[in-house]
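Have a look at model.csv below; it lists CSV, C-alpha atoms.
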chain,number,residue,atom,x,y,z
C,29,MET,CA,-29.2,-25.1,20.6
C,30,LEU,CA,-27.2,-22.6,18.6
C,31,PRO,CA,-23.7,-21.5,19.5
C,32,LEU,CA,-24.6,-18.0,20.7
C,33,ASP,CA,-27.8,-18.9,22.5
C,34,GLY,CA,-27.8,-16.7,25.7
C,35,ILE,CA,-25.7,-14.0,24.2
C,36,THR,CA,-27.4,-10.5,24.1
C,37,VAL,CA,-26.2,-7.9,21.6
C,38,VAL,CA,-27.3,-4.3,21.8
C,39,ALA,CA,-26.7,-2.6,18.4
C,40,LEU,CA,-26.9,1.1,17.8
C,41,GLU,CA,-26.6,0.5,14.1
C,42,GLN,CA,-27.6,1.8,10.7
C,43,ALA,CA,-27.0,1.1,7.0
C,44,VAL,CA,-24.8,-1.9,6.2
C,45,ALA,CA,-21.6,-2.7,8.0
C,46,ALA,CA,-22.9,-3.0,11.6
C,47,PRO,CA,-26.2,-4.6,10.7
C,48,PHE,CA,-24.3,-7.2,8.6
C,49,ALA,CA,-22.2,-8.1,11.6
C,50,THR,CA,-25.0,-8.4,14.0
C,51,ARG,CA,-27.3,-10.3,11.6
C,52,GLN,CA,-24.6,-13.0,11.4
C,53,LEU,CA,-24.5,-13.1,15.3
C,54,ALA,CA,-28.3,-13.5,15.3
C,55,ASP,CA,-28.1,-16.2,12.7
C,56,VAL,CA,-26.2,-18.4,15.1
C,57,GLY,CA,-28.4,-17.7,18.1
C,58,ALA,CA,-27.6,-14.3,19.6
C,59,ARG,CA,-30.4,-12.1,20.7
C,60,VAL,CA,-29.9,-8.8,18.9
C,61,ILE,CA,-31.8,-5.7,20.1
C,62,LYS,CA,-31.6,-3.1,17.3
C,63,VAL,CA,-31.8,0.4,18.6
C,64,GLU,CA,-33.3,2.8,16.0
C,65,ARG,CA,-34.2,6.4,15.6
C,66,PRO,CA,-37.8,7.2,16.6
C,67,GLY,CA,-40.0,7.9,13.6
C,68,THR,CA,-37.6,6.9,10.8
C,69,GLY,CA,-35.5,4.1,12.2
C,70,ASP,CA,-32.4,2.8,10.5
C,71,PHE,CA,-32.1,5.0,7.4
C,72,ALA,CA,-31.6,1.8,5.3
C,73,ARG,CA,-35.3,1.2,5.8
C,74,GLY,CA,-35.8,4.0,3.2
C,75,TYR,CA,-33.3,3.1,0.5
C,76,ASP,CA,-35.9,1.5,-1.7
C,77,GLU,CA,-39.4,-0.1,-1.6
C,78,THR,CA,-38.7,-3.1,-3.9
C,79,VAL,CA,-39.4,-6.0,-1.5
C,80,ARG,CA,-43.2,-5.5,-1.3
C,81,GLY,CA,-42.7,-2.0,0.0
C,82,MET,CA,-39.6,-2.8,2.2
C,83,SER,CA,-36.0,-1.9,1.4
C,84,SER,CA,-33.9,-4.7,-0.1
C,85,HIS,CA,-31.0,-3.6,2.0
C,86,PHE,CA,-33.0,-3.8,5.2
C,87,VAL,CA,-34.5,-7.1,4.4
C,88,TRP,CA,-31.0,-8.6,3.7
C,89,LEU,CA,-29.5,-7.3,6.9
C,90,ASN,CA,-32.1,-7.4,9.7
C,91,ARG,CA,-33.7,-10.8,10.1
C,92,ASN,CA,-33.6,-12.4,13.6
C,93,LYS,CA,-33.6,-9.0,15.3
C,94,GLU,CA,-35.8,-7.0,17.7
C,95,SER,CA,-36.4,-3.3,17.1
C,96,LEU,CA,-36.6,-0.7,19.8
C,97,ALA,CA,-36.8,3.0,18.9
C,98,LEU,CA,-34.9,5.3,21.3
C,99,ASP,CA,-33.8,8.9,21.1
C,100,VAL,CA,-30.5,8.3,22.8
C,101,LYS,CA,-29.9,12.1,23.2
C,102,SER,CA,-32.8,12.3,25.6
C,103,PRO,CA,-32.1,11.5,29.2
C,104,GLN,CA,-35.1,9.2,29.5
C,105,ASP,CA,-34.2,7.1,26.5
C,106,ALA,CA,-30.5,7.2,27.2
C,107,ALA,CA,-31.3,5.6,30.6
C,108,VAL,CA,-33.2,2.8,28.9
C,109,LEU,CA,-30.2,2.1,26.7
C,110,HIS,CA,-27.9,1.9,29.7
C,111,ARG,CA,-30.3,-0.4,31.4
C,112,LEU,CA,-30.1,-2.6,28.3
C,113,LEU,CA,-26.3,-2.5,28.4
C,114,THR,CA,-26.3,-3.7,32.0
C,115,ARG,CA,-27.7,-7.0,30.8
C,116,ALA,CA,-25.8,-7.1,27.4
C,117,ASP,CA,-22.8,-9.1,26.4
C,118,VAL,CA,-22.0,-7.1,23.3
C,119,PHE,CA,-22.5,-3.5,22.2
C,120,VAL,CA,-22.0,-2.6,18.5
C,121,GLN,CA,-22.2,0.9,17.1
C,122,ASN,CA,-21.4,2.5,13.8
C,123,LEU,CA,-22.5,6.1,14.6
C,124,ALA,CA,-21.0,9.1,12.9
C,125,PRO,CA,-17.4,10.0,14.0
C,126,GLY,CA,-17.3,11.4,17.5
C,127,ALA,CA,-21.0,10.6,18.3
C,128,ALA,CA,-20.3,7.7,20.7
C,129,GLU,CA,-18.0,9.8,22.8
C,130,ARG,CA,-20.5,12.7,22.9
C,131,LEU,CA,-23.2,10.3,24.1
C,132,GLY,CA,-21.0,8.6,26.7
C,133,LEU,CA,-20.9,5.4,24.7
C,134,ASP,CA,-17.2,5.3,24.1
C,135,ALA,CA,-15.3,2.1,25.0
C,136,ALA,CA,-13.6,3.4,28.1
C,137,THR,CA,-16.8,4.7,29.7
C,138,LEU,CA,-18.7,1.5,28.9
C,139,LEU,CA,-16.0,-0.9,30.1
C,140,ALA,CA,-15.6,1.1,33.3
C,141,ALA,CA,-19.3,0.5,34.0
C,142,HIS,CA,-19.6,-3.0,32.5
C,143,PRO,CA,-16.3,-4.8,32.7
C,144,ARG,CA,-17.6,-8.0,30.9
C,145,LEU,CA,-19.0,-6.1,27.9
C,146,VAL,CA,-17.6,-6.6,24.4
C,147,VAL,CA,-17.6,-3.2,22.7
C,148,CYS,CA,-17.2,-3.0,18.9
C,149,GLY,CA,-17.0,0.3,17.1
C,150,ILE,CA,-17.2,0.5,13.3
C,151,SER,CA,-16.2,3.6,11.4
C,152,GLY,CA,-15.0,4.7,8.0
C,153,TYR,CA,-11.4,5.5,8.7
C,154,GLY,CA,-10.7,4.7,12.4
C,155,THR,CA,-10.0,6.9,15.3
C,156,GLY,CA,-7.1,9.3,14.9
C,157,GLY,CA,-5.4,10.5,11.8
C,158,PRO,CA,-6.5,13.1,9.3
C,159,TYR,CA,-9.6,11.2,8.0
C,160,ALA,CA,-11.0,10.3,11.5
C,161,HIS,CA,-13.9,12.7,11.1
C,162,ALA,CA,-14.5,12.2,7.4
C,163,LYS,CA,-17.9,10.8,6.3
C,164,ALA,CA,-17.4,7.4,4.7
C,165,TYR,CA,-19.8,5.8,2.3
C,166,ASP,CA,-19.0,2.6,0.4
C,167,LEU,CA,-18.3,4.3,-2.9
C,168,LEU,CA,-15.9,6.7,-1.2
C,169,VAL,CA,-14.0,4.0,0.6
C,170,GLN,CA,-13.7,2.0,-2.6
C,171,CYS,CA,-12.0,5.1,-4.0
C,172,GLU,CA,-9.7,5.7,-1.0
C,173,ALA,CA,-8.7,2.0,-0.8
C,174,GLY,CA,-7.7,1.9,-4.4
C,175,ALA,CA,-10.3,-0.8,-5.2
C,176,MET,CA,-11.9,1.3,-7.9
C,177,SER,CA,-8.6,1.9,-9.6
C,178,LEU,CA,-8.5,-1.8,-10.4
C,179,THR,CA,-12.1,-2.3,-11.5
C,180,GLY,CA,-13.6,-1.4,-14.8
C,181,THR,CA,-12.0,-1.1,-18.2
C,182,GLU,CA,-8.8,0.4,-19.4
C,183,ARG,CA,-10.6,3.7,-20.2
C,184,GLU,CA,-12.9,4.0,-17.2
C,185,PRO,CA,-12.9,2.8,-13.6
C,186,ALA,CA,-16.1,1.3,-12.2
C,187,LYS,CA,-17.6,0.9,-8.8
C,188,ILE,CA,-17.8,-2.6,-7.6
C,189,GLY,CA,-21.5,-3.6,-7.8
C,190,ILE,CA,-22.0,-4.7,-4.2
C,191,PRO,CA,-21.0,-2.7,-1.0
C,192,VAL,CA,-17.6,-4.4,-0.5
C,193,ALA,CA,-16.2,-1.9,2.0
C,194,ASP,CA,-19.3,-2.3,4.2
C,195,ILE,CA,-19.3,-6.0,3.8
C,196,ALA,CA,-15.6,-6.3,4.6
C,197,ALA,CA,-16.0,-4.2,7.8
C,198,GLY,CA,-19.0,-6.2,8.8
C,199,MET,CA,-17.2,-9.5,8.4
C,200,TYR,CA,-14.2,-8.3,10.5
C,201,ALA,CA,-16.6,-6.9,13.2
C,202,TYR,CA,-18.3,-10.3,13.3
C,203,SER,CA,-15.1,-12.3,13.6
C,204,GLY,CA,-13.7,-9.7,16.1
C,205,ILE,CA,-16.8,-10.1,18.3
C,206,LEU,CA,-16.5,-13.9,18.3
C,207,THR,CA,-12.8,-13.6,19.2
C,208,ALA,CA,-13.6,-11.2,22.0
C,209,LEU,CA,-16.3,-13.5,23.4
C,210,TYR,CA,-13.9,-16.4,23.3
C,211,GLU,CA,-11.3,-14.3,25.1
C,212,ARG,CA,-13.8,-13.3,27.7
C,213,GLU,CA,-14.5,-17.0,28.4
C,214,ARG,CA,-10.8,-17.4,29.2
C,215,THR,CA,-10.2,-14.2,31.1
C,216,GLY,CA,-13.6,-13.2,32.5
C,217,ARG,CA,-13.1,-9.7,31.1
C,218,GLY,CA,-14.7,-8.0,28.2
C,219,GLY,CA,-12.8,-5.7,25.9
C,220,ALA,CA,-13.1,-3.2,23.1
C,221,PHE,CA,-12.0,-3.1,19.5
C,222,GLU,CA,-12.6,-1.0,16.4
C,223,VAL,CA,-12.9,-1.9,12.7
C,224,SER,CA,-12.6,0.7,9.9
C,225,MET,CA,-14.0,0.3,6.5
C,226,LEU,CA,-10.7,1.5,4.9
C,227,GLU,CA,-8.6,-1.0,6.8
C,228,ALA,CA,-11.0,-3.8,6.2
C,229,LEU,CA,-11.1,-3.3,2.5
C,230,GLY,CA,-7.4,-2.6,2.6
C,231,GLU,CA,-6.9,-6.2,3.8
C,232,TRP,CA,-8.8,-7.4,0.7
C,233,MET,CA,-6.4,-5.3,-1.5
C,234,GLY,CA,-3.5,-7.5,-0.4
C,235,TYR,CA,-2.4,-8.9,-3.8
C,236,PRO,CA,-2.5,-5.6,-5.8
C,237,ALA,CA,-0.9,-3.8,-2.9
C,238,TYR,CA,2.1,-6.1,-2.9
C,239,PHE,CA,2.2,-6.2,-6.7
C,240,THR,CA,2.4,-2.4,-6.8
C,241,ARG,CA,4.6,-1.8,-3.8
C,242,TYR,CA,7.3,-4.2,-5.0
C,243,GLY,CA,6.6,-4.4,-8.7
C,244,GLY,CA,6.5,-0.7,-9.3
C,245,THR,CA,3.3,-0.7,-11.4
C,246,THR,CA,-0.3,-1.0,-10.5
C,247,PRO,CA,-2.2,-4.0,-12.0
C,248,PRO,CA,-4.1,-2.5,-15.0
C,249,ARG,CA,-7.8,-2.4,-15.2
C,250,SER,CA,-8.8,-5.4,-17.3
C,251,GLY,CA,-12.5,-5.6,-17.4
C,252,ALA,CA,-13.6,-9.2,-16.8
C,253,GLU,CA,-10.1,-10.5,-17.4
C,254,HIS,CA,-7.4,-11.0,-14.8
C,255,ALA,CA,-4.6,-8.5,-14.7
C,256,ALA,CA,-2.0,-11.1,-13.7
C,257,ILE,CA,-3.3,-14.5,-15.1
C,258,ALA,CA,-4.0,-15.6,-18.7
C,259,PRO,CA,-6.1,-17.0,-20.1
C,260,TYR,CA,-8.7,-15.9,-17.6
C,261,GLY,CA,-11.9,-14.2,-18.6
C,262,PRO,CA,-14.6,-14.2,-21.3
C,263,TYR,CA,-14.3,-15.6,-24.8
C,264,PRO,CA,-17.0,-15.6,-27.4
C,265,ALA,CA,-18.5,-18.8,-28.9
C,266,ALA,CA,-19.9,-19.2,-32.4
C,267,ASP,CA,-23.5,-18.6,-31.1
C,268,GLY,CA,-22.5,-15.2,-29.6
C,269,THR,CA,-22.5,-16.6,-26.0
C,270,ARG,CA,-19.5,-15.7,-23.9
C,271,VAL,CA,-17.8,-18.5,-22.1
C,272,PHE,CA,-15.8,-17.5,-19.0
C,273,LEU,CA,-12.8,-19.7,-18.1
C,274,GLY,CA,-9.6,-19.6,-16.0
C,275,VAL,CA,-6.3,-21.4,-16.4
C,276,GLN,CA,-4.4,-21.4,-13.1
C,277,ASN,CA,-1.2,-23.5,-13.7
C,278,GLU,CA,0.9,-25.1,-16.4
C,279,ARG,CA,-0.8,-28.5,-16.1
C,280,GLU,CA,-4.1,-26.9,-16.9
C,281,TRP,CA,-2.5,-24.9,-19.7
C,282,THR,CA,-1.3,-28.1,-21.4
C,283,ALA,CA,-4.7,-29.7,-21.0
C,284,PHE,CA,-6.4,-26.6,-22.3
C,285,CYS,CA,-4.3,-26.6,-25.5
C,286,THR,CA,-4.5,-30.4,-26.0
C,287,GLU,CA,-8.2,-31.1,-25.1
C,288,VAL,CA,-10.0,-27.9,-25.6
C,289,LEU,CA,-8.2,-26.0,-28.4
C,290,GLU,CA,-6.9,-29.3,-29.9
C,291,LEU,CA,-3.6,-27.5,-30.5
C,292,PRO,CA,-1.1,-29.5,-28.4
C,293,GLY,CA,1.9,-27.7,-29.9
C,294,LEU,CA,0.7,-24.3,-28.6
C,295,ALA,CA,1.5,-25.3,-25.0
C,296,ALA,CA,5.2,-25.1,-25.8
C,297,ASP,CA,5.1,-21.9,-27.8
C,298,PRO,CA,7.7,-19.6,-26.0
C,299,ARG,CA,5.1,-16.8,-26.1
C,300,PHE,CA,2.8,-18.9,-24.0
C,301,ASP,CA,4.8,-21.5,-22.1
C,302,ARG,CA,4.5,-19.8,-18.7
C,303,ASN,CA,1.9,-17.5,-17.2
C,304,SER,CA,4.0,-14.4,-17.2
C,305,ALA,CA,4.7,-14.9,-20.9
C,306,ARG,CA,1.0,-15.4,-21.6
C,307,VAL,CA,0.1,-12.2,-19.8
C,308,ALA,CA,2.8,-10.3,-21.8
C,309,HIS,CA,1.4,-11.7,-25.1
C,310,ARG,CA,-2.3,-11.5,-24.0
C,311,GLU,CA,-3.6,-10.2,-27.3
C,312,ALA,CA,-1.9,-12.9,-29.4
C,313,LEU,CA,-3.2,-15.5,-27.0
C,314,ARG,CA,-6.7,-14.2,-27.3
C,315,GLU,CA,-6.5,-14.4,-31.1
C,316,ARG,CA,-5.5,-18.0,-31.0
C,317,ILE,CA,-8.3,-18.9,-28.5
C,318,GLU,CA,-11.0,-17.0,-30.3
C,319,ALA,CA,-10.0,-18.5,-33.7
C,320,CYS,CA,-10.9,-21.9,-32.2
C,321,PHE,CA,-13.9,-20.9,-30.2
C,322,VAL,CA,-15.6,-18.9,-33.0
C,323,GLN,CA,-16.1,-22.3,-34.7
C,324,LEU,CA,-17.8,-24.0,-31.7
C,325,ALA,CA,-21.1,-23.6,-29.9
C,326,ALA,CA,-20.9,-22.6,-26.2
C,327,GLU,CA,-22.2,-26.1,-25.2
C,328,GLU,CA,-19.3,-27.8,-27.1
C,329,ILE,CA,-16.8,-25.5,-25.5
C,330,GLU,CA,-18.2,-26.1,-22.1
C,331,ARG,CA,-18.1,-29.9,-22.8
C,332,ARG,CA,-14.5,-29.7,-23.7
C,333,LEU,CA,-13.6,-27.6,-20.7
C,334,ALA,CA,-15.3,-30.0,-18.4
C,335,GLY,CA,-13.5,-32.9,-19.9
C,336,ALA,CA,-10.2,-31.2,-19.4
C,337,ARG,CA,-11.1,-30.1,-15.9
C,338,ILE,CA,-10.7,-26.4,-16.7
C,339,ALA,CA,-12.7,-24.1,-14.5
C,340,HIS,CA,-15.4,-22.3,-16.4
C,341,ALA,CA,-18.7,-20.5,-15.8
C,342,ARG,CA,-21.7,-19.0,-17.4
C,343,LEU,CA,-22.4,-15.2,-17.0
C,344,ARG,CA,-25.7,-15.2,-15.1
C,345,ASP,CA,-27.7,-12.2,-14.2
C,346,VAL,CA,-29.0,-11.8,-10.7
C,347,ALA,CA,-32.4,-13.3,-11.5
C,348,GLU,CA,-30.6,-16.4,-12.9
C,349,PHE,CA,-28.5,-16.6,-9.8
C,350,THR,CA,-31.5,-16.7,-7.5
C,351,ALA,CA,-32.8,-19.6,-9.6
C,352,HIS,CA,-29.4,-21.3,-9.7
C,353,PRO,CA,-29.7,-25.1,-9.9
C,354,GLN,CA,-27.0,-25.6,-7.3
C,355,LEU,CA,-28.9,-23.5,-4.7
C,356,ALA,CA,-32.0,-25.5,-5.4
C,357,ALA,CA,-30.3,-28.9,-5.3
C,358,ARG,CA,-28.7,-28.0,-1.9
C,359,ASP,CA,-32.0,-26.6,-0.5
C,360,ARG,CA,-30.5,-23.2,0.3
C,361,TRP,CA,-33.7,-21.2,0.5
C,362,ARG,CA,-35.9,-20.6,3.5
C,363,THR,CA,-38.9,-18.4,4.4
C,364,VAL,CA,-38.7,-15.6,6.9
C,365,ASP,CA,-41.5,-13.5,8.3
C,366,SER,CA,-41.7,-9.8,7.9
C,367,PRO,CA,-44.1,-6.9,8.3
C,368,VAL,CA,-45.1,-7.4,4.6
C,369,GLY,CA,-45.5,-11.2,4.9
C,370,PRO,CA,-43.3,-14.2,4.2
C,371,LEU,CA,-40.1,-13.6,2.2
C,372,ASP,CA,-37.5,-15.9,0.7
C,373,ALA,CA,-34.0,-15.7,2.2
C,374,LEU,CA,-30.8,-17.6,1.5
C,375,LEU,CA,-29.3,-19.6,4.3
C,376,PRO,CA,-26.1,-18.3,5.8
C,377,PRO,CA,-23.1,-19.8,3.9
C,378,VAL,CA,-21.6,-21.7,6.9
C,379,THR,CA,-23.2,-25.1,6.8
C,380,VAL,CA,-23.0,-27.4,9.9
C,381,ALA,CA,-24.4,-30.9,9.5
C,382,GLY,CA,-27.6,-31.3,11.6
C,383,ARG,CA,-27.8,-27.7,12.5
C,384,GLU,CA,-30.5,-25.4,11.1
C,385,PRO,CA,-29.6,-21.7,11.3
C,386,ARG,CA,-32.0,-19.2,12.9
C,387,MET,CA,-34.2,-17.6,10.3
C,388,ASP,CA,-36.7,-15.5,12.2
C,389,ARG,CA,-38.7,-12.3,11.6
C,390,ILE,CA,-37.5,-9.0,10.1
C,391,PRO,CA,-38.9,-6.4,12.6
C,392,ALA,CA,-41.0,-3.4,12.0
C,393,LEU,CA,-39.7,-0.2,13.6
C,394,ASP,CA,-40.1,-0.3,17.4
C,395,GLU,CA,-42.3,-3.4,17.3
C,396,ASP,CA,-40.6,-5.0,20.3
C,397,ARG,CA,-40.8,-2.0,22.6
C,398,THR,CA,-43.5,-3.2,25.0
C,399,ARG,CA,-41.9,-6.6,25.5
C,400,ILE,CA,-38.3,-5.3,25.9
C,401,LEU,CA,-39.3,-2.6,28.4
C,402,ALA,CA,-41.4,-5.1,30.4
C,403,GLU,CA,-38.5,-7.5,30.6
C,404,LEU,CA,-36.3,-4.7,31.9
C,405,ASP,CA,-38.8,-3.8,34.6
C,406,ALA,CA,-39.3,-7.5,35.6
C,407,THR,CA,-35.6,-8.1,35.8
C,408,GLU,CA,-35.0,-5.1,38.0
C,409,ARG,CA,-37.8,-6.1,40.3
C,410,GLU,CA,-36.3,-9.5,40.7
C,411,THR,CA,-32.9,-8.0,41.4
C,412,GLU,CA,-34.3,-5.7,44.0
C,413,GLY,CA,-36.2,-8.6,45.6
C,414,GLU,CA,-32.9,-10.6,46.0
C,415,ARG,CA,-31.2,-7.8,47.9
Give the structure from the file, written as structure tokens.
Amino acid sequence: MLPLDGITVVALEQAVAAPFATRQLADVGARVIKVERPGTGDFARGYDETVRGMSSHFVWLNRNKESLALDVKSPQDAAVLHRLLTRADVFVQNLAPGAAERLGLDAATLLAAHPRLVVCGISGYGTGGPYAHAKAYDLLVQCEAGAMSLTGTEREPAKIGIPVADIAAGMYAYSGILTALYERERTGRGGAFEVSMLEALGEWMGYPAYFTRYGGTTPPRSGAEHAAIAPYGPYPAADGTRVFLGVQNEREWTAFCTEVLELPGLAADPRFDRNSARVAHREALRERIEACFVQLAAEEIERRLAGARIAHARLRDVAEFTAHPQLAARDRWRTVDSPVGPLDALLPPVTVAGREPRMDRIPALDEDRTRILAELDATERETEGER
């Protein structure tokens, strides 16, 4: 038995943020009924065709779900949606700004009809304020939250390579739903909450926000280096390979100088004897490190770093990540069914001893219509028979 067995989620969702939240609920046992547009479905289905004809985004975000196509603007299909909500525990939506209110799916209306329902709304910028009705895509929220001002090189900002604003919003929606369900267990009442992409990513901007607000300057873009820690980043070896490393404290700095660089006196150099000094003299520090590393093969540098217990890594591409020996050793891959056949999928990152997460099918558009509608009719007949 999984923790959310018996919980039903109705999700009027699309793209990334809401599907990411509901997939995680499904991974731990919730039944997720995904309501999609007739004909086209969730527009993320059409982002690409790289997974044997399916979209990589959709495959990532939609296992363990059931698909039902409804035109929620039509009275007949809207009635079906409200019949589903009568039996649901959670309703999640990330519609365009104002759409939920126009459809009568706002929190106040739903809670008046269904007092035990948990209602989660995900938006770009939240309700109220000058940006309430602005369209919000991940790139745009990265810009508005200041994340792109920190990413890239000194000359040019860069978009973060994964949809971090969507992922952040989805994570807070997931944890918010779990919190609301726990609260319902204690009070017997449902409730509503909202998550905005801007505020979710803003929480992840905590360190640079404090650094800037109280330090008076924004952390500079530093490529693969760290704006506030040194040494931290890539350094070339004699064979042209770049070794990534990070020194987090003075004990590690001393070990790095002694056991890796074999320059024990460097640890006490006043230019480098504390982190803030190393950051201020970053270029001089880099010259000293590279003068040593350029004489050593990457394997030797990694051997020394491991011996000194200094954190380090290889720069892997995505294909190398999917073949990562740690994932293989920990048996982190499973197979899920889909309309295009079996597909590999990573297990969810929360590992509970003795518990296997749910790893069920990725649905085709509207493939569960007949069964869902039959269940609704059967339940209503039973309810009428009890009266």
(request) Write out as number ranges by chain the residues lying within 9 Å of region 158-163 of chain C, counting all atoms listed in the file and excluding same-chain residues fewer than 5 positions away. (result) C: 124-126, 151-153, 168
(request) Identify which of the residues C:Asp345, C:Asp194, C:Asp76, C:Glu41 lies closest to Phe119 (chain C), counting all atoms listed in the file when measuring atom-to-atom distances. (result)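 Smallest separation from Phe119 (chain C) among the options: C:Glu41.
Here CA of Tyr210 (chain C) and CA of Ala381 (chain C) stand 22.6 Å from one another.
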(request) Determine, counting only C-alpha atoms, every residue of protein, DNA or RNA that lies within 12 Å of (-16.3, -12.9, 18.3) in the file coordinates, then give the result as a ChimeraX atom specification. (result) /C:31-32,35,37,49-50,52-53,56,58,117-120,146-148,198-213,218-221
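Our summary of the geometry notes that CA of Asp365 (chain C) is positioned 6.5 Å from CA of Asp388 (chain C).
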(request) Kindly indicate which residue among C:Glu94, C:Phe284, C:Ala334, C:Thr68 lies nearest to Cys320 (chain C), using all atoms listed in the file for the distances. (result)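 With all atoms listed in the file as the atom set, the closest residue is C:Phe284.
Going from CA of Leu404 (chain C) to CA of Gln121 (chain C) covers 21.2 Å.
Minimum atom-to-atom distances from C:Ala296, C:Asp166, C:Asp55, C:Arg115 to Glu403 (chain C) were compared using all atoms listed in the file, and the lowest value belongs to C:Arg115.
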(request) Go through C:Cys285, C:Pro191, C:Asp301, C:Glu311 one by one, measure the shortest atom-to-atom distance of each to Glu253 (chain C) using all atoms listed in the file, and give the residue with the smallest value. (result) C:Glu311
(request) Rank C:Arg310, C:Arg389, C:Lys187, C:Arg399 by their smallest atom-to-atom distance to Ala255 (chain C), using only C-alpha atoms, and report the top residue only. (result)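 For Ala255 (chain C), the nearest of the candidates is C:Arg310.
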(message) So that I can see what lies close to Leu313 (chain C), please list as number ranges by chain the residues with an atom at most 9 Å from it, counting all atoms listed in the file and leaving out residues fewer than 3 positions away in the same chain.
(response) C: 258-259, 299-300, 306-307, 309-310, 316-318
(message) Set the distance at 9 Å and use all atoms listed in the file: which residues neighbour Ser366 (chain C) once local chain neighbours fewer than 4 positions away are removed? I'd like the list as a ChimeraX atom specification.
(response) /C:87,91,370-371,388-392
